[in-house]
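Trainee: My structure file start.txt, compact mmCIF, C-alpha atoms, is below:
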# COMPACT_ATOMS: atom_id res chain seq x y z
CA MET A 16 15.21 -13.72 -39.81
CA ASP A 17 15.24 -10.10 -40.89
CA GLN A 18 11.69 -9.63 -39.74
CA GLU A 19 12.46 -11.13 -36.35
CA GLN A 20 15.52 -8.93 -36.01
CA ALA A 21 13.47 -5.85 -36.91
CA ILE A 22 11.03 -6.61 -34.10
CA ASN A 23 13.65 -7.54 -31.54
CA GLU A 24 16.00 -4.61 -32.00
CA PRO A 25 13.80 -1.89 -30.49
CA LEU A 26 12.97 -4.24 -27.63
CA GLN A 27 16.64 -4.81 -27.01
CA ARG A 28 17.30 -1.08 -27.07
CA GLU A 29 14.56 -0.62 -24.52
CA THR A 30 15.49 -3.40 -22.17
CA GLY A 31 19.26 -3.14 -22.45
CA LYS A 32 20.47 -0.29 -20.25
CA THR A 33 17.11 0.36 -18.59
CA GLY A 34 16.77 -3.30 -17.71
CA ARG A 35 20.23 -3.46 -16.17
CA MET A 36 19.60 -0.31 -14.14
CA ARG A 37 16.34 -1.77 -12.92
CA PHE A 38 18.08 -4.98 -11.99
CA TYR A 39 20.77 -3.21 -9.96
CA SER A 40 18.17 -0.91 -8.36
CA PHE A 41 16.18 -3.97 -7.38
CA LEU A 42 19.22 -5.64 -5.86
CA VAL A 43 20.28 -2.56 -3.89
CA LEU A 44 16.77 -1.76 -2.64
CA SER A 45 16.05 -5.36 -1.69
CA ALA A 46 19.31 -5.59 0.23
CA LEU A 47 18.59 -2.31 2.01
CA GLY A 48 15.06 -3.41 2.86
CA LEU A 49 16.23 -6.76 4.22
CA VAL A 50 18.88 -5.08 6.36
CA LEU A 51 16.23 -2.77 7.83
CA VAL A 52 13.92 -5.70 8.55
CA ILE A 53 16.72 -7.60 10.31
CA PHE A 54 17.77 -4.57 12.35
CA GLY A 55 14.12 -3.90 13.15
CA ALA A 56 13.68 -7.46 14.34
CA LEU A 57 16.73 -7.14 16.59
CA ARG A 58 15.96 -3.67 17.90
CA SER A 59 14.38 -3.08 21.25
CA LYS A 60 13.27 0.16 22.85
CA ASP A 61 12.74 1.27 26.42
CA VAL A 62 9.13 1.99 27.21
CA SER A 63 7.85 2.81 30.68
CA HIS A 64 4.58 1.75 32.17
CA ASN A 65 2.27 4.36 33.54
CA THR A 66 2.60 4.21 37.30
CA ASP A 67 -1.14 3.67 37.63
CA ASP A 68 -1.05 0.49 35.62
CA THR A 69 0.23 -1.96 38.13
CA ASP A 70 -2.21 -4.77 37.63
CA GLY A 71 -2.26 -6.64 34.38
CA ALA A 72 0.44 -4.52 32.75
CA ILE A 73 2.47 -6.30 30.09
CA SER A 74 5.14 -7.14 32.58
CA GLY A 75 5.59 -5.95 36.09
CA SER A 76 9.17 -4.88 35.70
CA ARG A 77 9.93 -5.06 32.02
CA THR A 78 10.41 -1.77 30.27
CA THR A 79 12.12 -2.89 27.08
CA TYR A 80 10.01 -3.78 24.07
CA SER A 81 10.95 -5.07 20.67
CA GLU A 82 9.87 -3.18 17.56
CA TYR A 83 7.42 -6.01 16.94
CA GLU A 84 5.78 -5.31 20.29
CA LEU A 85 5.82 -1.57 19.78
CA SER A 86 4.01 -2.00 16.47
CA LYS A 87 1.48 -4.23 18.14
CA LEU A 88 0.90 -1.77 20.96
CA THR A 89 0.14 1.07 18.57
CA THR A 90 -2.94 -0.90 17.45
CA VAL A 91 -4.75 0.07 20.59
CA GLY A 92 -3.21 3.48 20.96
CA GLY A 93 -1.31 1.94 23.85
CA LEU A 94 1.78 4.06 23.45
CA THR A 95 2.10 7.76 24.12
CA ARG A 96 5.01 10.15 24.19
CA THR A 97 5.19 12.40 27.22
CA GLU A 98 6.35 16.01 27.22
CA THR A 99 9.68 14.90 28.56
CA GLY A 100 10.11 12.65 25.52
CA GLU A 101 9.50 9.39 27.32
CA VAL A 102 7.44 6.71 25.59
CA LYS A 103 4.84 5.19 27.88
CA THR A 104 2.26 2.48 27.61
CA THR A 105 -1.08 2.11 29.29
CA PHE A 106 -1.80 -1.19 27.61
CA LYS A 107 -2.62 -4.11 29.82
CA GLU A 108 -1.77 -7.59 28.75
CA GLY A 109 -4.73 -9.87 28.29
CA GLU A 110 -7.13 -6.95 28.24
CA LYS A 111 -8.96 -6.56 24.96
CA PRO A 112 -10.20 -3.02 24.59
CA ALA A 113 -13.88 -2.65 23.72
CA SER A 114 -12.89 -0.85 20.57
CA GLU A 115 -9.48 -0.93 18.97
CA CYS A 116 -10.37 1.89 16.64
CA PRO A 117 -8.25 4.95 17.44
CA THR A 118 -11.30 7.18 17.03
CA MET B 2 8.50 -14.01 -33.25
CA VAL B 3 6.47 -16.89 -31.89
CA ALA B 4 8.05 -16.52 -28.45
CA MET B 5 7.16 -12.83 -28.36
CA ALA B 6 3.58 -13.49 -29.38
CA ASN B 7 3.30 -16.04 -26.59
CA ARG B 8 4.64 -13.60 -24.00
CA LYS B 9 2.21 -10.89 -25.11
CA SER B 10 -0.69 -13.23 -24.86
CA PHE B 11 0.54 -14.25 -21.42
CA THR B 12 0.26 -10.64 -20.18
CA GLN B 13 -3.23 -10.33 -21.61
CA LYS B 14 -4.24 -13.67 -20.14
CA LEU B 15 -3.31 -12.41 -16.69
CA ILE B 16 -6.01 -9.71 -16.71
CA PRO B 17 -9.01 -11.95 -15.85
CA TRP B 18 -6.96 -13.45 -13.01
CA ARG B 19 -6.68 -10.12 -11.22
CA ILE B 20 -10.02 -10.33 -9.43
CA TRP B 21 -9.28 -13.87 -8.29
CA THR B 22 -5.87 -12.82 -7.03
CA GLN B 23 -7.42 -9.94 -5.10
CA LEU B 24 -10.01 -12.30 -3.63
CA SER B 25 -7.35 -14.81 -2.60
CA PHE B 26 -5.29 -12.15 -0.86
CA LEU B 27 -8.42 -10.83 0.86
CA LEU B 28 -8.77 -14.19 2.56
CA ILE B 29 -5.22 -13.83 3.87
CA TRP B 30 -5.80 -10.29 5.16
CA LEU B 31 -9.04 -11.26 6.93
CA ASP B 32 -7.25 -13.47 9.43
CA PRO B 33 -9.03 -16.81 8.95
CA LEU B 34 -6.65 -18.41 11.44
CA THR B 35 -7.14 -15.59 14.01
CA LEU B 36 -3.39 -15.05 14.21
CA ARG B 37 -3.56 -11.25 14.71
CA LEU B 38 0.08 -10.69 13.83
CA HIS B 39 -0.14 -6.96 14.45
CA GLY B 40 3.53 -6.64 15.15
CA ILE B 41 4.21 -7.19 11.45
CA CYS B 42 2.78 -5.02 8.72
CA ALA B 43 1.48 -6.27 5.40
CA PRO B 44 2.28 -3.97 2.48
CA VAL B 45 -1.41 -3.18 1.94
CA PHE B 46 -3.93 -0.65 3.16
CA HIS B 47 -5.92 -2.56 5.76
CA CYS B 48 -6.65 -1.01 9.14
CA TYR B 49 -5.33 -3.17 11.97
CA ALA B 50 -8.13 -1.97 14.20
CA CYS B 51 -10.34 -4.10 11.96
CA PRO B 52 -11.60 -7.07 14.01
CA LEU B 53 -10.49 -9.34 11.17
CA ALA B 54 -7.07 -7.88 10.38
CA THR B 55 -4.21 -10.37 10.24
CA PHE B 56 -1.39 -7.85 9.96
CA ALA B 57 -0.76 -4.24 10.89
CA CYS B 58 -1.35 -1.33 8.53
CA PRO B 59 2.01 0.12 7.42
CA ILE B 60 0.58 3.63 7.29
CA GLY B 61 -0.77 3.26 10.82
CA ILE B 62 2.66 2.16 12.01
CA LEU B 63 4.46 4.96 10.17
CA ALA B 64 2.12 7.55 11.69
CA ASN B 65 2.21 6.12 15.21
CA PHE B 66 5.99 5.74 15.18
CA SER B 67 6.31 9.26 13.84
CA ALA B 68 4.24 10.44 16.81
CA LEU B 69 6.59 8.54 19.11
CA HIS B 70 9.65 9.94 17.31
CA LEU B 71 10.80 6.42 16.45
CA PHE B 72 11.89 5.05 13.10
CA PRO B 73 9.96 1.85 12.20
CA LEU B 74 12.82 -0.16 10.73
CA MET B 75 10.82 -3.32 10.02
CA THR B 76 7.92 -1.50 8.38
CA VAL B 77 10.16 0.61 6.15
CA GLY B 78 12.17 -2.50 5.29
CA ILE B 79 9.04 -4.45 4.33
CA LEU B 80 7.80 -1.55 2.19
CA ILE B 81 11.15 -1.21 0.41
CA VAL B 82 11.45 -4.93 -0.33
CA SER B 83 7.87 -5.29 -1.56
CA GLY B 84 8.07 -2.02 -3.51
CA ALA B 85 11.36 -2.96 -5.14
CA LEU B 86 9.94 -6.28 -6.21
CA LEU B 87 6.41 -5.39 -7.30
CA GLY B 88 5.84 -1.62 -7.13
CA GLY B 89 2.27 -0.67 -8.03
CA ILE B 90 1.24 -4.29 -8.61
CA ILE B 91 0.53 -4.44 -4.88
CA CYS B 92 -2.11 -1.71 -5.27
CA GLY B 93 -3.75 -3.32 -8.26
CA TRP B 94 -3.57 -6.98 -7.36
CA VAL B 95 -3.11 -7.35 -3.61
CA CYS B 96 -4.60 -4.43 -1.64
CA PRO B 97 -8.04 -5.15 -0.13
CA PHE B 98 -9.04 -1.49 -0.12
CA GLY B 99 -8.27 -1.27 -3.83
CA PHE B 100 -10.30 -4.45 -4.35
CA LEU B 101 -13.29 -2.86 -2.61
CA GLN B 102 -13.06 0.14 -4.94
CA ASP B 103 -12.70 -2.14 -7.97
CA LEU B 104 -15.88 -3.96 -6.99
CA VAL B 105 -17.85 -0.73 -6.51
CA ALA B 106 -16.51 0.54 -9.84
CA LYS B 107 -18.43 -2.28 -11.53
CA ILE B 108 -21.68 -0.46 -10.69
CA PRO B 109 -22.66 1.11 -14.01
CA THR B 110 -22.54 4.80 -13.13
CA PRO B 111 -20.95 7.57 -15.20
CA LYS B 112 -17.26 7.78 -14.32
CA ILE B 113 -15.26 10.99 -14.18
CA LYS B 114 -11.64 10.85 -15.36
CA LEU B 115 -9.43 13.01 -13.22
CA PRO B 116 -6.26 14.61 -14.57
CA SER B 117 -3.06 12.82 -13.66
CA TRP B 118 -1.76 15.69 -11.50
CA THR B 119 -4.37 14.85 -8.84
CA GLY B 120 -2.09 11.95 -7.93
CA TYR B 121 0.30 14.43 -6.29
CA PHE B 122 -2.18 14.94 -3.44
CA ARG B 123 -1.12 11.49 -2.22
CA TYR B 124 2.33 12.82 -1.44
CA ALA B 125 0.79 15.71 0.52
CA VAL B 126 -1.18 13.17 2.57
CA LEU B 127 1.92 11.03 3.09
CA ILE B 128 4.16 13.88 4.16
CA GLY B 129 1.53 15.91 6.01
CA LEU B 130 -0.94 13.56 7.67
CA VAL B 131 1.27 10.50 8.05
CA LEU B 132 4.66 11.99 8.92
CA LEU B 133 4.69 15.69 9.87
CA ILE B 134 1.45 16.14 11.83
CA PRO B 135 2.04 13.05 13.99
CA TYR B 136 5.68 14.04 14.52
CA PHE B 137 4.97 17.59 15.63
CA PHE B 138 1.49 17.29 17.18
CA GLY B 139 1.19 13.65 18.23
CA GLU B 140 -1.56 11.12 17.69
CA LYS B 141 -4.24 13.30 19.30
CA HIS B 142 -4.27 15.81 16.45
CA PRO B 143 -7.63 15.84 14.58
CA LEU B 144 -5.81 15.36 11.26
CA PHE B 145 -3.73 12.39 12.42
CA ILE B 146 -4.17 9.95 9.51
CA CYS B 147 -5.89 7.19 11.51
CA THR B 148 -8.54 9.60 12.77
CA VAL B 149 -9.58 10.61 9.23
CA CYS B 150 -8.92 7.39 7.32
CA PRO B 151 -11.97 5.93 5.50
CA ALA B 152 -10.43 2.45 5.64
CA GLY B 153 -10.42 2.73 9.42
CA ALA B 154 -14.03 3.88 9.35
CA LEU B 155 -15.28 1.06 7.12
CA GLU B 156 -13.07 -1.76 8.38
CA ALA B 157 -12.85 -0.89 12.06
CA ALA B 158 -15.29 1.76 13.28
CA VAL B 159 -18.38 0.28 11.57
CA PRO B 160 -17.79 -3.33 12.75
CA ASN B 161 -16.95 -2.08 16.23
CA MET B 162 -20.13 0.04 16.35
CA ILE B 163 -22.19 -2.97 15.29
CA ASP B 164 -20.45 -5.04 17.93
CA GLN B 165 -21.10 -2.41 20.60
CA ALA B 166 -24.76 -2.16 19.58
CA ALA B 167 -25.11 -5.95 19.65
CA VAL B 168 -23.87 -6.23 23.23
CA GLY B 169 -25.74 -3.12 24.38
CA GLU B 170 -22.68 -0.97 25.03
CA GLU B 171 -22.46 2.73 24.38
CA ILE B 172 -21.67 3.21 20.70
CA THR B 173 -18.46 5.08 19.85
CA ILE B 174 -19.28 7.40 16.96
CA PRO B 175 -16.30 8.37 14.74
CA ASN B 176 -15.34 12.04 14.65
CA THR B 177 -16.96 14.46 12.20
CA ILE B 178 -13.98 14.72 9.85
CA LYS B 179 -13.80 10.95 9.53
CA ILE B 180 -17.53 10.73 8.79
CA ILE B 181 -17.26 13.45 6.11
CA VAL B 182 -14.20 11.81 4.50
CA THR B 183 -15.87 8.39 4.53
CA ILE B 184 -19.16 9.58 3.03
CA SER B 185 -17.24 11.54 0.37
CA PHE B 186 -15.21 8.43 -0.36
CA LEU B 187 -18.32 6.20 -0.63
CA VAL B 188 -20.01 8.63 -3.02
CA GLY B 189 -16.76 9.21 -4.90
CA MET B 190 -16.33 5.46 -5.53
CA LEU B 191 -19.48 5.53 -7.66
CA PHE B 192 -18.21 8.24 -9.99
CA ILE B 193 -14.42 8.00 -9.91
CA HIS B 194 -12.37 4.88 -10.50
CA ARG B 195 -10.49 4.14 -7.26
CA PRO B 196 -10.78 7.64 -5.76
CA TRP B 197 -8.75 6.81 -2.66
CA CYS B 198 -5.88 5.26 -4.62
CA ARG B 199 -6.13 7.97 -7.22
CA ILE B 200 -6.04 11.05 -5.02
CA LEU B 201 -5.25 10.34 -1.39
CA CYS B 202 -3.63 6.98 -0.66
CA PRO B 203 -0.26 7.53 1.10
CA LEU B 204 0.71 3.89 0.60
CA GLY B 205 -0.01 4.20 -3.12
CA ALA B 206 2.28 7.24 -3.14
CA ILE B 207 5.10 5.11 -1.71
CA PHE B 208 4.62 2.24 -4.16
CA GLY B 209 4.14 4.70 -7.02
CA LEU B 210 7.69 5.91 -6.42
CA PHE B 211 8.91 2.33 -6.84
CA ASN B 212 7.21 1.91 -10.24
CA ARG B 213 10.30 3.27 -11.97
CA PHE B 214 12.64 0.89 -10.14
CA SER B 215 10.58 -2.24 -9.46
CA ALA B 216 11.66 -5.63 -10.69
CA VAL B 217 8.33 -6.14 -12.44
CA TYR B 218 7.33 -3.33 -14.78
CA LEU B 219 5.43 -2.36 -17.92
CA LYS B 220 7.29 -1.93 -21.16
CA VAL B 221 6.40 -0.48 -24.54
CA LYS B 222 7.58 -1.86 -27.82
CA PRO B 223 7.96 1.26 -29.94
CA SER B 224 8.05 -0.80 -33.13
CA GLU B 225 4.54 -2.05 -32.48
CA CYS B 226 2.98 1.10 -31.05
CA ASN B 227 1.11 3.07 -33.69
CA THR B 228 0.15 5.82 -31.17
CA CYS B 229 -3.54 5.04 -31.62
CA GLN B 230 -3.96 6.03 -27.94
CA VAL B 231 -6.47 3.26 -27.27
CA CYS B 232 -4.45 2.56 -24.11
CA HIS B 233 -5.46 6.02 -22.84
CA LYS B 234 -9.09 4.89 -22.94
CA TYR B 235 -8.32 1.66 -21.12
CA CYS B 236 -6.39 3.44 -18.37
CA GLY B 237 -8.75 4.21 -15.50
CA PHE B 238 -6.17 6.56 -14.00
CA GLY B 239 -6.03 9.01 -16.88
CA GLY B 240 -2.52 7.94 -17.77
CA GLN B 241 -0.70 7.77 -21.08
CA PRO B 242 0.77 4.28 -20.84
CA GLU B 243 2.52 4.32 -24.21
CA GLN B 244 4.46 7.45 -23.21
CA ASP B 245 4.98 6.72 -19.53
CA PRO B 246 4.26 3.05 -18.80
CA ASN B 247 5.85 3.25 -15.35
CA SER B 248 4.05 6.35 -14.13
CA ASP B 249 3.76 6.70 -10.36
CA ASN B 250 -0.04 6.68 -10.73
CA CYS B 251 -0.07 3.21 -12.32
CA VAL B 252 -1.51 0.32 -10.25
CA ARG B 253 -0.60 -2.28 -12.89
CA CYS B 254 -4.17 -3.36 -13.59
CA LEU B 255 -2.80 -4.30 -17.06
CA ASP B 256 -5.98 -3.06 -18.78
CA CYS B 257 -3.82 -0.98 -21.12
CA THR B 258 -2.08 -4.12 -22.40
CA GLN B 259 -5.29 -4.94 -24.28
CA CYS B 260 -4.27 -2.45 -26.96
CA PRO B 261 -4.84 -3.70 -30.52
CA THR B 262 -1.15 -3.98 -31.37
CA SER B 263 -0.14 -5.45 -28.00
CA ALA B 264 2.64 -2.90 -27.75
CA LEU B 265 2.43 -2.86 -23.96
CA THR B 266 3.57 -5.91 -22.03
CA LEU B 267 4.65 -6.86 -18.56
CA GLY B 268 8.38 -7.24 -18.10
CA ALA B 269 10.71 -8.30 -15.31
CA VAL B 270 14.38 -7.73 -14.57
CA PHE B 271 14.82 -11.47 -14.27
CA GLU B 272 14.36 -11.85 -18.03
CA ARG B 273 17.50 -12.28 -20.08
CA GLN B 274 18.76 -8.80 -20.97
CA SER B 275 20.32 -7.75 -24.25
CA SER B 276 24.07 -7.35 -24.28
CA LYS B 277 23.83 -4.71 -27.00
CA PRO B 278 24.56 -1.15 -25.92
CA ASP B 279 21.77 1.42 -26.04
CA LYS B 280 21.48 3.54 -29.05
Rewrite the coordinates I just gave you, this time as structure tokens.
Mentor:
Amino acid sequence: MDQEQAINEPLQRETGKTGRMRFYSFLVLSALGLVLVIFGALRSKDVSHNTDDTDGAISGSRTTYSEYELSKLTTVGGLTRTETGEVKTTFKEGEKPASECPT
Amino acid sequence: MVAMANRKSFTQKLIPWRIWTQLSFLLIWLDPLTLRLHGICAPVFHCYACPLATFACPIGILANFSALHLFPLMTVGILIVSGALLGGIICGWVCPFGFLQDLVAKIPTPKIKLPSWTGYFRYAVLIGLVLLIPYFFGEKHPLFICTVCPAGALEAAVPNMIDQAAVGEEITIPNTIKIIVTISFLVGMLFIHRPWCRILCPLGAIFGLFNRFSAVYLKVKPSECNTCQVCHKYCGFGGQPEQDPNSDNCVRCLDCTQCPTSALTLGAVFERQSSKPDK
């Protein structure tokens, strides 16, 4: 019993306060992360089409995209920010670029 | 006493499973079901311009959204949740780019051990190439992370060049900086253990920060550590696990837990905690 206690005591010292702090940090960070994911899933953002892209554009009139779609569009470098601060897309739905590599 | 011995042996028994875990996750990242869920990021370094990428690269999204002056809520949320839960374990057990470097490291070449301070370069890459340059100069800047990233070169540019050559199209050659970085990385892999993770990986920098808060962590039992420093030799990242088991450089490969006294073990916040106050 004494031997077991001798081994366990330092472990308890180590995991006591540190372990509780870790546990609370984990709870807070997880909650924050989940809130961000939910807000991200709900968020949408206005994006304009380039005026040239009339045929095959994602949607003829739609200019609002979810964060999911924005993330997807960045794959092909399909989003750009103009000097006026407007976010535009040149991506065409159904069109698979020859190379998706941004280089 | 018996329970503790069992738990120690459990940590050590996990080590051989690492390569199989990495291989299993690789199958998930390589999109066997051709889902191409690029609107969601996986918390690993895998270029989503890769023809076989299931999910988006979180670093690619961070950089692109920074260029668009948007905050990627979902990506940051996914990184926080996965970091809070696992921290550096993602780098060591889940990331396909880390797996590639682990495989190359098995080639028997002399390995150089870099000092631990080289890990700070990762934060410079994260802040500079991923956040600031895209924010102020846009995605066309030559140092935009995606245009210099070796993962993009190996996982996307090379397959795309092969594809273009196969169908007789004009081949798109990556830019000079990307070629130099990639060749340096390929050579570096032979002589440095995980050079990308070690020195430059911006995602590793993020998860490294979580090592001190993550639910799963490494712990030292001072009563069993005789400061023999054998763990220093096991650590491929030049760390001192018995002094700083939750260093931001640690990828949780668990090699250090093979120390003769088994003073280092894997712990989790879900274990029953002591009610005794700290001394």
Trainee: Considering all atoms listed in the file, give me a table of residues in chain B that are at most 6 Å from chain A, with the closest atom pair and distance in Å for each, as CSV.
Mentor:
residue,atom,partner,partner_atom,distance
B:Met2,CA,A:Glu19,CA,5.8
B:His39,CA,A:Lys87,CA,4.9
B:Gly40,CA,A:Tyr83,CA,4.3
B:Ala50,CA,A:Glu115,CA,5.1
B:Leu69,CA,A:Arg96,CA,5.6
B:Leu74,CA,A:Gly55,CA,4.6
B:Met75,CA,A:Val52,CA,4.2
B:Gly78,CA,A:Gly48,CA,3.9
B:Ile81,CA,A:Gly48,CA,5.1
B:Val82,CA,A:Ser45,CA,4.8
B:Ala85,CA,A:Phe41,CA,5.4
B:Thr148,CA,A:Thr118,CA,5.6
B:Ala157,CA,A:Cys116,CA,5.9
B:Ala158,CA,A:Cys116,CA,6.0
B:Pro175,CA,A:Thr118,CA,5.6
B:Phe214,CA,A:Arg37,CA,5.3
B:Ala216,CA,A:Phe41,CA,5.8
B:Lys222,CA,A:Leu26,CA,5.9
B:Val270,CA,A:Phe38,CA,5.3
B:Gln274,CA,A:Gly31,CA,5.9
B:Ser275,CA,A:Gly31,CA,5.1
B:Asp279,CA,A:Arg28,CA,5.2
Trainee: Within 9 Å of (7.9, 2.8, -7.6), in the coordinates the file gives, what residues turn up when you count all atoms listed in the file, written out as a list in words?
Mentor: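 Within the cut-off we find Gly84, Ala85, Leu87, Gly88, Gly89, Ala206, Ile207, Phe208, Gly209, Leu210, Phe211, Asn212, Arg213, Phe214, Ser215, Asn247, Ser248 and Asp249 of chain B.
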Trainee: Between B:Arg123, B:Lys112, B:Arg19, B:His233, which has the minimum distance to B:Gln259 (counting only C-alpha atoms)?
Mentor: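 Using only C-alpha atoms, the shortest distance to B:Gln259 belongs to B:His233.
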Trainee: Separation of atom CA of B:Ile79 and atom CA of B:Ala64, in Å?
Mentor: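 A separation of 15.7 Å between them.
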Trainee: What does the distance from atom CA of B:Tyr136 to atom CA of B:Ala68 come to in Å, to one decimal?
Mentor: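 Between atom CA of B:Tyr136 and atom CA of B:Ala68 the gap works out to 4.5 Å.
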